[in-house]
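Quick look at start-v9.cif (mmCIF, N, CA and C atoms):
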data_run
#
loop_
_atom_site.label_atom_id
_atom_site.label_comp_id
_atom_site.auth_asym_id
_atom_site.auth_seq_id
_atom_site.Cartn_x
_atom_site.Cartn_y
_atom_site.Cartn_z
N MET E 1 105.14 69.65 75.41
CA MET E 1 104.90 70.77 76.31
C MET E 1 105.98 71.83 76.07
N ASN E 2 105.57 73.05 75.74
CA ASN E 2 106.59 74.09 75.52
C ASN E 2 107.04 74.69 76.85
N LYS E 3 108.09 75.49 76.77
CA LYS E 3 108.72 76.02 77.98
C LYS E 3 107.76 76.89 78.80
N ASP E 4 106.92 77.68 78.13
CA ASP E 4 105.97 78.54 78.85
C ASP E 4 104.99 77.71 79.67
N ASP E 5 104.48 76.61 79.07
CA ASP E 5 103.56 75.74 79.79
C ASP E 5 104.25 75.08 80.98
N LYS E 6 105.48 74.71 80.78
CA LYS E 6 106.26 74.03 81.81
C LYS E 6 106.42 74.93 83.05
N HIS E 7 106.55 76.23 82.82
CA HIS E 7 106.78 77.17 83.92
C HIS E 7 105.53 77.95 84.33
N LYS E 8 104.38 77.55 83.83
CA LYS E 8 103.15 78.28 84.09
C LYS E 8 102.85 78.35 85.60
N VAL E 9 102.97 77.24 86.30
CA VAL E 9 102.69 77.20 87.74
C VAL E 9 103.70 78.06 88.50
N LEU E 10 104.98 77.94 88.12
CA LEU E 10 106.01 78.75 88.77
C LEU E 10 105.76 80.24 88.55
N ASN E 11 105.41 80.61 87.34
CA ASN E 11 105.11 82.02 87.05
C ASN E 11 103.92 82.51 87.87
N SER E 12 102.93 81.67 88.03
CA SER E 12 101.76 82.02 88.84
C SER E 12 102.15 82.23 90.30
N ILE E 13 103.00 81.36 90.81
CA ILE E 13 103.48 81.49 92.19
C ILE E 13 104.25 82.79 92.36
N ILE E 14 105.08 83.11 91.38
CA ILE E 14 105.87 84.34 91.45
C ILE E 14 104.95 85.57 91.46
N MET E 15 103.90 85.55 90.64
CA MET E 15 102.95 86.67 90.66
C MET E 15 102.24 86.76 92.02
N ASP E 16 101.91 85.61 92.60
CA ASP E 16 101.31 85.61 93.95
C ASP E 16 102.27 86.19 94.98
N ILE E 17 103.55 85.85 94.86
CA ILE E 17 104.57 86.39 95.76
C ILE E 17 104.65 87.90 95.59
N GLU E 18 104.67 88.36 94.35
CA GLU E 18 104.73 89.80 94.08
C GLU E 18 103.49 90.51 94.64
N LYS E 19 102.33 89.86 94.55
CA LYS E 19 101.10 90.44 95.10
C LYS E 19 101.22 90.59 96.62
N GLN E 20 101.72 89.57 97.28
CA GLN E 20 101.86 89.64 98.75
C GLN E 20 102.88 90.71 99.14
N LYS E 21 103.96 90.83 98.37
CA LYS E 21 104.95 91.88 98.65
C LYS E 21 104.33 93.26 98.47
N HIS E 22 103.47 93.40 97.46
CA HIS E 22 102.78 94.67 97.22
C HIS E 22 101.85 94.99 98.40
N ILE E 23 101.12 94.00 98.86
CA ILE E 23 100.23 94.20 100.02
C ILE E 23 101.02 94.60 101.24
N ILE E 24 102.14 93.95 101.47
CA ILE E 24 103.00 94.28 102.63
C ILE E 24 103.50 95.72 102.52
N ASP E 25 103.98 96.11 101.35
CA ASP E 25 104.47 97.49 101.16
C ASP E 25 103.35 98.51 101.36
N ARG E 26 102.19 98.22 100.78
CA ARG E 26 101.05 99.15 100.87
C ARG E 26 100.55 99.29 102.31
N THR E 27 100.45 98.16 103.00
CA THR E 27 99.96 98.22 104.39
C THR E 27 100.99 98.89 105.30
N PHE E 28 102.27 98.66 105.03
CA PHE E 28 103.31 99.31 105.82
C PHE E 28 103.23 100.83 105.66
N ALA E 29 103.04 101.29 104.42
CA ALA E 29 102.92 102.73 104.17
C ALA E 29 101.69 103.30 104.88
N PHE E 30 100.58 102.57 104.84
CA PHE E 30 99.36 103.02 105.52
C PHE E 30 99.59 103.08 107.03
N ILE E 31 100.22 102.07 107.59
CA ILE E 31 100.48 102.03 109.03
C ILE E 31 101.37 103.20 109.43
N GLN E 32 102.41 103.44 108.66
CA GLN E 32 103.31 104.57 108.95
C GLN E 32 102.54 105.89 108.91
N SER E 33 101.73 106.07 107.89
CA SER E 33 100.95 107.30 107.74
C SER E 33 99.98 107.48 108.91
N THR E 34 99.33 106.41 109.31
CA THR E 34 98.39 106.48 110.43
C THR E 34 99.11 106.82 111.73
N LEU E 35 100.26 106.21 111.94
CA LEU E 35 101.04 106.51 113.15
C LEU E 35 101.47 107.98 113.18
N ILE E 36 101.86 108.50 112.04
CA ILE E 36 102.24 109.92 111.96
C ILE E 36 101.03 110.80 112.30
N SER E 37 99.87 110.43 111.79
CA SER E 37 98.64 111.17 112.11
C SER E 37 98.34 111.12 113.60
N LEU E 38 98.50 109.96 114.18
CA LEU E 38 98.25 109.82 115.62
C LEU E 38 99.24 110.65 116.44
N GLU E 39 100.49 110.64 116.02
CA GLU E 39 101.51 111.41 116.75
C GLU E 39 101.29 112.91 116.61
N ALA E 40 100.86 113.34 115.44
CA ALA E 40 100.69 114.77 115.17
C ALA E 40 99.44 115.34 115.82
N SER E 41 98.46 114.50 116.06
CA SER E 41 97.19 114.98 116.61
C SER E 41 97.27 115.08 118.13
N GLU E 42 97.16 116.30 118.62
CA GLU E 42 97.24 116.51 120.07
C GLU E 42 95.94 116.14 120.77
N ARG E 43 94.83 116.34 120.11
CA ARG E 43 93.54 116.11 120.76
C ARG E 43 92.69 115.10 119.99
N LEU E 44 93.22 113.96 119.85
CA LEU E 44 92.49 112.91 119.14
C LEU E 44 91.71 112.09 120.16
N GLU E 45 90.40 112.06 119.96
CA GLU E 45 89.58 111.29 120.89
C GLU E 45 88.28 110.87 120.23
N GLY E 46 87.52 110.09 120.94
CA GLY E 46 86.20 109.67 120.47
C GLY E 46 86.24 108.85 119.20
N GLU E 47 85.27 109.13 118.32
CA GLU E 47 85.10 108.35 117.10
C GLU E 47 86.31 108.43 116.17
N GLU E 48 86.91 109.61 116.09
CA GLU E 48 88.08 109.78 115.21
C GLU E 48 89.22 108.87 115.67
N LYS E 49 89.48 108.85 116.96
CA LYS E 49 90.53 107.99 117.52
C LYS E 49 90.18 106.52 117.29
N ASP E 50 88.94 106.15 117.57
CA ASP E 50 88.50 104.77 117.39
C ASP E 50 88.63 104.33 115.94
N TYR E 51 88.28 105.22 115.02
CA TYR E 51 88.36 104.94 113.59
C TYR E 51 89.81 104.66 113.17
N LEU E 52 90.74 105.53 113.59
CA LEU E 52 92.14 105.35 113.24
C LEU E 52 92.70 104.06 113.84
N ILE E 53 92.34 103.77 115.07
CA ILE E 53 92.83 102.56 115.72
C ILE E 53 92.27 101.32 115.01
N LYS E 54 91.00 101.36 114.63
CA LYS E 54 90.38 100.24 113.92
C LYS E 54 91.08 100.02 112.58
N ASP E 55 91.32 101.11 111.83
CA ASP E 55 92.03 101.00 110.55
C ASP E 55 93.44 100.45 110.74
N LEU E 56 94.11 100.93 111.76
CA LEU E 56 95.46 100.49 112.05
C LEU E 56 95.48 98.99 112.35
N ARG E 57 94.55 98.55 113.17
CA ARG E 57 94.46 97.13 113.52
C ARG E 57 94.18 96.28 112.26
N GLU E 58 93.27 96.75 111.41
CA GLU E 58 92.95 96.01 110.17
C GLU E 58 94.17 95.89 109.26
N LYS E 59 94.92 96.98 109.12
CA LYS E 59 96.09 96.95 108.25
C LYS E 59 97.20 96.09 108.85
N LEU E 60 97.33 96.11 110.17
CA LEU E 60 98.32 95.22 110.81
C LEU E 60 97.96 93.76 110.56
N ASN E 61 96.67 93.43 110.67
CA ASN E 61 96.22 92.06 110.41
C ASN E 61 96.44 91.69 108.94
N GLU E 62 96.16 92.62 108.04
CA GLU E 62 96.35 92.38 106.61
C GLU E 62 97.84 92.14 106.30
N LYS E 63 98.70 92.93 106.93
CA LYS E 63 100.14 92.78 106.73
C LYS E 63 100.62 91.44 107.28
N GLU E 64 100.12 91.07 108.43
CA GLU E 64 100.48 89.79 109.05
C GLU E 64 100.06 88.61 108.16
N LYS E 65 98.85 88.68 107.62
CA LYS E 65 98.35 87.62 106.74
C LYS E 65 99.19 87.54 105.47
N ALA E 66 99.52 88.69 104.89
CA ALA E 66 100.33 88.72 103.67
C ALA E 66 101.73 88.16 103.94
N THR E 67 102.28 88.46 105.10
CA THR E 67 103.61 87.95 105.46
C THR E 67 103.59 86.43 105.59
N ALA E 68 102.55 85.91 106.24
CA ALA E 68 102.42 84.46 106.39
C ALA E 68 102.23 83.80 105.02
N THR E 69 101.40 84.40 104.18
CA THR E 69 101.15 83.86 102.84
C THR E 69 102.43 83.89 102.01
N LEU E 70 103.18 84.98 102.11
CA LEU E 70 104.45 85.10 101.39
C LEU E 70 105.42 83.99 101.80
N THR E 71 105.52 83.75 103.09
CA THR E 71 106.40 82.69 103.59
C THR E 71 105.98 81.33 103.04
N TYR E 72 104.69 81.04 103.08
CA TYR E 72 104.18 79.77 102.54
C TYR E 72 104.47 79.65 101.05
N LEU E 73 104.22 80.72 100.31
CA LEU E 73 104.44 80.68 98.86
C LEU E 73 105.91 80.42 98.53
N LYS E 74 106.80 81.12 99.23
CA LYS E 74 108.23 80.99 98.95
C LYS E 74 108.79 79.63 99.37
N TYR E 75 108.50 79.24 100.60
CA TYR E 75 109.20 78.08 101.16
C TYR E 75 108.45 76.77 101.06
N LYS E 76 107.23 76.80 100.56
CA LYS E 76 106.50 75.56 100.32
C LYS E 76 106.17 75.44 98.83
N LYS E 77 105.30 76.30 98.35
CA LYS E 77 104.83 76.16 96.96
C LYS E 77 105.96 76.35 95.94
N MET E 78 106.73 77.43 96.11
CA MET E 78 107.78 77.71 95.12
C MET E 78 108.88 76.66 95.20
N ARG E 79 109.29 76.30 96.40
CA ARG E 79 110.34 75.28 96.54
C ARG E 79 109.89 73.96 95.91
N ASP E 80 108.65 73.55 96.20
CA ASP E 80 108.13 72.30 95.63
C ASP E 80 108.11 72.35 94.10
N GLU E 81 107.65 73.49 93.56
CA GLU E 81 107.57 73.62 92.10
C GLU E 81 108.96 73.63 91.47
N MET E 82 109.92 74.28 92.13
CA MET E 82 111.29 74.30 91.60
C MET E 82 111.88 72.89 91.61
N GLN E 83 111.59 72.12 92.64
CA GLN E 83 112.07 70.73 92.68
C GLN E 83 111.43 69.90 91.58
N LYS E 84 110.13 70.12 91.35
CA LYS E 84 109.42 69.41 90.30
C LYS E 84 110.04 69.72 88.93
N LEU E 85 110.49 70.97 88.75
CA LEU E 85 111.10 71.40 87.48
C LEU E 85 112.60 71.11 87.42
N LYS E 86 113.11 70.50 88.51
CA LYS E 86 114.54 70.17 88.61
C LYS E 86 115.42 71.42 88.47
N MET E 87 114.99 72.49 89.12
CA MET E 87 115.75 73.74 89.10
C MET E 87 116.72 73.75 90.28
N HIS E 88 117.90 74.29 90.04
CA HIS E 88 118.92 74.36 91.10
C HIS E 88 118.75 75.63 91.91
N GLY E 89 119.26 75.62 93.13
CA GLY E 89 119.13 76.78 94.01
C GLY E 89 117.78 76.75 94.71
N GLY E 90 117.55 77.74 95.52
CA GLY E 90 116.30 77.81 96.24
C GLY E 90 115.50 79.03 95.86
N PRO E 91 114.33 79.17 96.47
CA PRO E 91 113.47 80.32 96.17
C PRO E 91 114.16 81.67 96.40
N ASP E 92 114.94 81.76 97.47
CA ASP E 92 115.59 83.04 97.77
C ASP E 92 116.58 83.43 96.67
N ASP E 93 117.35 82.44 96.20
CA ASP E 93 118.31 82.71 95.11
C ASP E 93 117.58 83.17 93.85
N TYR E 94 116.53 82.45 93.52
CA TYR E 94 115.75 82.76 92.32
C TYR E 94 115.15 84.16 92.43
N LEU E 95 114.52 84.44 93.57
CA LEU E 95 113.87 85.74 93.75
C LEU E 95 114.87 86.88 93.83
N GLU E 96 116.06 86.61 94.36
CA GLU E 96 117.11 87.64 94.39
C GLU E 96 117.54 88.00 92.97
N ASN E 97 117.70 86.98 92.13
CA ASN E 97 118.04 87.24 90.72
C ASN E 97 116.91 87.97 90.01
N LEU E 98 115.68 87.60 90.33
CA LEU E 98 114.52 88.28 89.75
C LEU E 98 114.51 89.76 90.13
N GLU E 99 114.84 90.06 91.38
CA GLU E 99 114.90 91.46 91.84
C GLU E 99 115.92 92.26 91.03
N LYS E 100 117.06 91.66 90.74
CA LYS E 100 118.10 92.33 89.94
C LYS E 100 117.57 92.63 88.53
N ILE E 101 116.90 91.65 87.95
CA ILE E 101 116.35 91.82 86.60
C ILE E 101 115.28 92.91 86.60
N LYS E 102 114.40 92.89 87.62
CA LYS E 102 113.35 93.91 87.72
C LYS E 102 113.97 95.30 87.88
N LYS E 103 114.99 95.41 88.71
CA LYS E 103 115.64 96.70 88.93
C LYS E 103 116.24 97.24 87.63
N GLU E 104 116.91 96.36 86.88
CA GLU E 104 117.50 96.76 85.60
C GLU E 104 116.42 97.22 84.61
N ALA E 105 115.25 96.61 84.71
CA ALA E 105 114.15 96.95 83.80
C ALA E 105 113.31 98.12 84.32
N GLY E 106 113.63 98.60 85.52
CA GLY E 106 112.89 99.71 86.09
C GLY E 106 111.52 99.32 86.62
N ILE E 107 111.39 98.05 87.01
CA ILE E 107 110.11 97.55 87.53
C ILE E 107 110.25 97.35 89.03
N ASP E 108 109.32 97.94 89.77
CA ASP E 108 109.35 97.79 91.22
C ASP E 108 108.68 96.49 91.65
N ASN E 109 107.52 96.22 91.08
CA ASN E 109 106.75 95.05 91.48
C ASN E 109 105.99 94.53 90.25
N LEU E 110 106.19 93.27 89.91
CA LEU E 110 105.55 92.68 88.72
C LEU E 110 104.03 92.69 88.82
N TYR E 111 103.51 92.39 89.99
CA TYR E 111 102.06 92.38 90.18
C TYR E 111 101.48 93.76 89.95
N LYS E 112 102.10 94.77 90.57
CA LYS E 112 101.63 96.15 90.44
C LYS E 112 101.73 96.61 88.98
N SER E 113 102.81 96.27 88.31
CA SER E 113 102.98 96.64 86.90
C SER E 113 101.90 95.98 86.05
N TYR E 114 101.61 94.72 86.33
CA TYR E 114 100.56 94.00 85.61
C TYR E 114 99.20 94.63 85.84
N GLU E 115 98.89 94.96 87.08
CA GLU E 115 97.60 95.58 87.42
C GLU E 115 97.49 96.97 86.78
N ASP E 116 98.59 97.74 86.80
CA ASP E 116 98.59 99.06 86.16
C ASP E 116 98.35 98.94 84.66
N LYS E 117 98.99 97.95 84.03
CA LYS E 117 98.82 97.72 82.59
C LYS E 117 97.38 97.31 82.29
N LYS E 118 96.81 96.45 83.12
CA LYS E 118 95.41 96.04 82.92
C LYS E 118 94.48 97.25 83.01
N SER E 119 94.73 98.11 84.00
CA SER E 119 93.89 99.31 84.16
C SER E 119 94.04 100.23 82.96
N LEU E 120 95.26 100.43 82.51
CA LEU E 120 95.51 101.29 81.36
C LEU E 120 94.85 100.73 80.10
N ASP E 121 94.96 99.42 79.90
CA ASP E 121 94.31 98.80 78.75
C ASP E 121 92.80 98.96 78.82
N ARG E 122 92.23 98.82 80.01
CA ARG E 122 90.78 98.97 80.19
C ARG E 122 90.35 100.40 79.86
N ILE E 123 91.15 101.36 80.30
CA ILE E 123 90.84 102.77 80.02
C ILE E 123 90.91 103.03 78.51
N LYS E 124 91.93 102.46 77.85
CA LYS E 124 92.06 102.64 76.41
C LYS E 124 90.87 102.05 75.67
N LYS E 125 90.39 100.89 76.13
CA LYS E 125 89.26 100.22 75.48
C LYS E 125 87.93 100.86 75.83
N HIS E 126 87.84 101.46 77.02
CA HIS E 126 86.58 102.03 77.51
C HIS E 126 86.81 103.43 78.09
N PRO E 127 87.17 104.41 77.26
CA PRO E 127 87.46 105.75 77.78
C PRO E 127 86.24 106.39 78.45
N GLU E 128 85.06 105.92 78.11
CA GLU E 128 83.85 106.48 78.73
C GLU E 128 83.80 106.21 80.24
N GLU E 129 84.54 105.22 80.71
CA GLU E 129 84.56 104.91 82.14
C GLU E 129 85.21 106.02 82.96
N ILE E 130 86.11 106.78 82.34
CA ILE E 130 86.75 107.89 83.03
C ILE E 130 85.72 108.91 83.45
N ILE E 131 84.79 109.18 82.60
CA ILE E 131 83.73 110.16 82.88
C ILE E 131 82.86 109.68 84.03
N LYS E 132 82.60 108.38 84.09
CA LYS E 132 81.77 107.81 85.15
C LYS E 132 82.43 107.90 86.52
N LEU E 133 83.75 108.04 86.56
CA LEU E 133 84.46 108.09 87.84
C LEU E 133 84.24 109.40 88.59
N LYS E 134 83.79 110.45 87.89
CA LYS E 134 83.60 111.75 88.54
C LYS E 134 82.54 111.72 89.59
#

For the file at hand, write its structure as structure tokens.
Amino acid sequence: MNKDDKHKVLNSIIMDIEKQKHIIDRTFAFIQSTLISLEASERLEGEEKDYLIKDLREKLNEKEKATATLTYLKYKKMRDEMQKLKMHGGPDDYLENLEKIKKEAGIDNLYKSYEDKKSLDRIKKHPEEIIKLK
């Protein structure tokens, strides 16, 4: 078994963690934006108000779910996998070091970078899809 295979599960967990962090960041930004809209609107009522409140509630629920999933991934799945691989330290230490490496490389979020690269590769392979987006 080569080193990449040995760490395949751990790498998958890390990408899942990055995905949950991305969801948390995205939902937080949406919630902040919606709150600003609510504060700025003097006469918000009826369907418009209901729509914003519904969206806000959905994003709060999404953020809550992502936070719970992140906690499970870090303190159950990742810890168990690190013990299986006989790695020293805990998930927080590992992820803190990962954050330093990402910062040095100019990467904000591995999941987002991966998704952006996949989209870019798809566009390169199928440029005709850009026209269909109009």

- Query: Could you work out how far CA of Ile14 in chain E lies from atom N of Lys65 in chain E, giving the answer in Å with one decimal?
  - Reply: 18.2 Å

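If you measure from each of E:Lys63, E:Leu120, E:Ile101, E:Thr34 to Lys49 in chain E using only C-alpha atoms, the closest one turns out to be E:Thr34.
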
- Please, what distance in Å, to one decimal, runs between atom C of Pro91 in chain E and atom C of Arg79 in chain E? 8.8 Å

- Query: In Å, how far is it from atom C of Ala105 in chain E to CA of Asp121 in chain E?
  - Reply: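 Going from atom C of Ala105 in chain E over to CA of Asp121 in chain E covers 19.8 Å.
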
- Task: Once DSSP has gone over the backbone, tell me which residues of range 40-133 of chain E are in helix (DSSP H, G or I), as a PyMOL selection string.
- Result: chain E and resi 40+46-84+91-105+110-125+128-132

- Name the residues in contact with range 17-21 of chain E at a cut-off of 9 Å, using only C-alpha atoms, excluding same-chain residues fewer than 6 positions from it; report them as a ChimeraX atom specification. /E:63,65-67,69-71,73-74,109-112

- Note on the structure: Restricting to only N, CA and C atoms, whichever of E:Lys125, E:Ile24, E:Ile13, E:Asp93 is closest to Met78 in chain E is E:Ile13

- Restricting the calculation to only N, CA and C atoms, which member of E:Ala68, E:Arg43, E:Leu85, E:Gly106 is positioned closest to Lys6 in chain E?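 Smallest distance to Lys6 in chain E is found for E:Leu85.
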
Final N, CA, C and O atoms of range 36-57 of chain E as a PDB file, keeping the file's coordinate frame:
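The result, stored in result.pdb:
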ATOM      1  N   ILE E  36     101.860 108.500 112.040  1.00  0.00           N
ATOM      2  CA  ILE E  36     102.240 109.920 111.960  1.00  0.00           C
ATOM      3  C   ILE E  36     101.030 110.800 112.300  1.00  0.00           C
ATOM      4  O   ILE E  36     101.154 111.769 113.057  1.00  0.00           O
ATOM      5  N   SER E  37      99.870 110.430 111.790  1.00  0.00           N
ATOM      6  CA  SER E  37      98.640 111.170 112.110  1.00  0.00           C
ATOM      7  C   SER E  37      98.340 111.120 113.600  1.00  0.00           C
ATOM      8  O   SER E  37      97.961 112.128 114.203  1.00  0.00           O
ATOM      9  N   LEU E  38      98.500 109.960 114.180  1.00  0.00           N
ATOM     10  CA  LEU E  38      98.250 109.820 115.620  1.00  0.00           C
ATOM     11  C   LEU E  38      99.240 110.650 116.440  1.00  0.00           C
ATOM     12  O   LEU E  38      98.853 111.287 117.423  1.00  0.00           O
ATOM     13  N   GLU E  39     100.490 110.640 116.020  1.00  0.00           N
ATOM     14  CA  GLU E  39     101.510 111.410 116.750  1.00  0.00           C
ATOM     15  C   GLU E  39     101.290 112.910 116.610  1.00  0.00           C
ATOM     16  O   GLU E  39     101.521 113.666 117.548  1.00  0.00           O
ATOM     17  N   ALA E  40     100.860 113.340 115.440  1.00  0.00           N
ATOM     18  CA  ALA E  40     100.690 114.770 115.170  1.00  0.00           C
ATOM     19  C   ALA E  40      99.440 115.340 115.820  1.00  0.00           C
ATOM     20  O   ALA E  40      99.374 116.541 116.095  1.00  0.00           O
ATOM     21  N   SER E  41      98.460 114.500 116.060  1.00  0.00           N
ATOM     22  CA  SER E  41      97.190 114.980 116.610  1.00  0.00           C
ATOM     23  C   SER E  41      97.270 115.080 118.130  1.00  0.00           C
ATOM     24  O   SER E  41      97.443 114.076 118.820  1.00  0.00           O
ATOM     25  N   GLU E  42      97.160 116.300 118.620  1.00  0.00           N
ATOM     26  CA  GLU E  42      97.240 116.510 120.070  1.00  0.00           C
ATOM     27  C   GLU E  42      95.940 116.140 120.770  1.00  0.00           C
ATOM     28  O   GLU E  42      95.956 115.690 121.915  1.00  0.00           O
ATOM     29  N   ARG E  43      94.830 116.340 120.110  1.00  0.00           N
ATOM     30  CA  ARG E  43      93.540 116.110 120.760  1.00  0.00           C
ATOM     31  C   ARG E  43      92.690 115.100 119.990  1.00  0.00           C
ATOM     32  O   ARG E  43      91.586 115.408 119.564  1.00  0.00           O
ATOM     33  N   LEU E  44      93.220 113.960 119.850  1.00  0.00           N
ATOM     34  CA  LEU E  44      92.490 112.910 119.140  1.00  0.00           C
ATOM     35  C   LEU E  44      91.710 112.090 120.160  1.00  0.00           C
ATOM     36  O   LEU E  44      92.265 111.556 121.109  1.00  0.00           O
ATOM     37  N   GLU E  45      90.400 112.060 119.960  1.00  0.00           N
ATOM     38  CA  GLU E  45      89.580 111.290 120.890  1.00  0.00           C
ATOM     39  C   GLU E  45      88.280 110.870 120.230  1.00  0.00           C
ATOM     40  O   GLU E  45      87.992 111.236 119.095  1.00  0.00           O
ATOM     41  N   GLY E  46      87.520 110.090 120.940  1.00  0.00           N
ATOM     42  CA  GLY E  46      86.200 109.670 120.470  1.00  0.00           C
ATOM     43  C   GLY E  46      86.240 108.850 119.200  1.00  0.00           C
ATOM     44  O   GLY E  46      87.105 107.996 119.020  1.00  0.00           O
ATOM     45  N   GLU E  47      85.270 109.130 118.320  1.00  0.00           N
ATOM     46  CA  GLU E  47      85.100 108.350 117.100  1.00  0.00           C
ATOM     47  C   GLU E  47      86.310 108.430 116.170  1.00  0.00           C
ATOM     48  O   GLU E  47      86.678 107.453 115.535  1.00  0.00           O
ATOM     49  N   GLU E  48      86.910 109.610 116.090  1.00  0.00           N
ATOM     50  CA  GLU E  48      88.080 109.780 115.210  1.00  0.00           C
ATOM     51  C   GLU E  48      89.220 108.870 115.670  1.00  0.00           C
ATOM     52  O   GLU E  48      89.841 108.178 114.862  1.00  0.00           O
ATOM     53  N   LYS E  49      89.480 108.850 116.960  1.00  0.00           N
ATOM     54  CA  LYS E  49      90.530 107.990 117.520  1.00  0.00           C
ATOM     55  C   LYS E  49      90.180 106.520 117.290  1.00  0.00           C
ATOM     56  O   LYS E  49      91.016 105.731 116.856  1.00  0.00           O
ATOM     57  N   ASP E  50      88.940 106.150 117.570  1.00  0.00           N
ATOM     58  CA  ASP E  50      88.500 104.770 117.390  1.00  0.00           C
ATOM     59  C   ASP E  50      88.630 104.330 115.940  1.00  0.00           C
ATOM     60  O   ASP E  50      89.040 103.199 115.646  1.00  0.00           O
ATOM     61  N   TYR E  51      88.280 105.220 115.020  1.00  0.00           N
ATOM     62  CA  TYR E  51      88.360 104.940 113.590  1.00  0.00           C
ATOM     63  C   TYR E  51      89.810 104.660 113.170  1.00  0.00           C
ATOM     64  O   TYR E  51      90.093 103.689 112.472  1.00  0.00           O
ATOM     65  N   LEU E  52      90.740 105.530 113.590  1.00  0.00           N
ATOM     66  CA  LEU E  52      92.140 105.350 113.240  1.00  0.00           C
ATOM     67  C   LEU E  52      92.700 104.060 113.840  1.00  0.00           C
ATOM     68  O   LEU E  52      93.443 103.327 113.169  1.00  0.00           O
ATOM     69  N   ILE E  53      92.340 103.770 115.070  1.00  0.00           N
ATOM     70  CA  ILE E  53      92.830 102.560 115.720  1.00  0.00           C
ATOM     71  C   ILE E  53      92.270 101.320 115.010  1.00  0.00           C
ATOM     72  O   ILE E  53      92.995 100.341 114.787  1.00  0.00           O
ATOM     73  N   LYS E  54      91.000 101.360 114.630  1.00  0.00           N
ATOM     74  CA  LYS E  54      90.380 100.240 113.920  1.00  0.00           C
ATOM     75  C   LYS E  54      91.080 100.020 112.580  1.00  0.00           C
ATOM     76  O   LYS E  54      91.423  98.881 112.219  1.00  0.00           O
ATOM     77  N   ASP E  55      91.320 101.110 111.830  1.00  0.00           N
ATOM     78  CA  ASP E  55      92.030 101.000 110.550  1.00  0.00           C
ATOM     79  C   ASP E  55      93.440 100.450 110.740  1.00  0.00           C
ATOM     80  O   ASP E  55      93.906  99.614 109.963  1.00  0.00           O
ATOM     81  N   LEU E  56      94.110 100.930 111.760  1.00  0.00           N
ATOM     82  CA  LEU E  56      95.460 100.490 112.050  1.00  0.00           C
ATOM     83  C   LEU E  56      95.480  98.990 112.350  1.00  0.00           C
ATOM     84  O   LEU E  56      96.301  98.245 111.813  1.00  0.00           O
ATOM     85  N   ARG E  57      94.550  98.550 113.170  1.00  0.00           N
ATOM     86  CA  ARG E  57      94.460  97.130 113.520  1.00  0.00           C
ATOM     87  C   ARG E  57      94.180  96.280 112.260  1.00  0.00           C
ATOM     88  O   ARG E  57      94.781  95.224 112.068  1.00  0.00           O
TER      89      ARG E  57
END
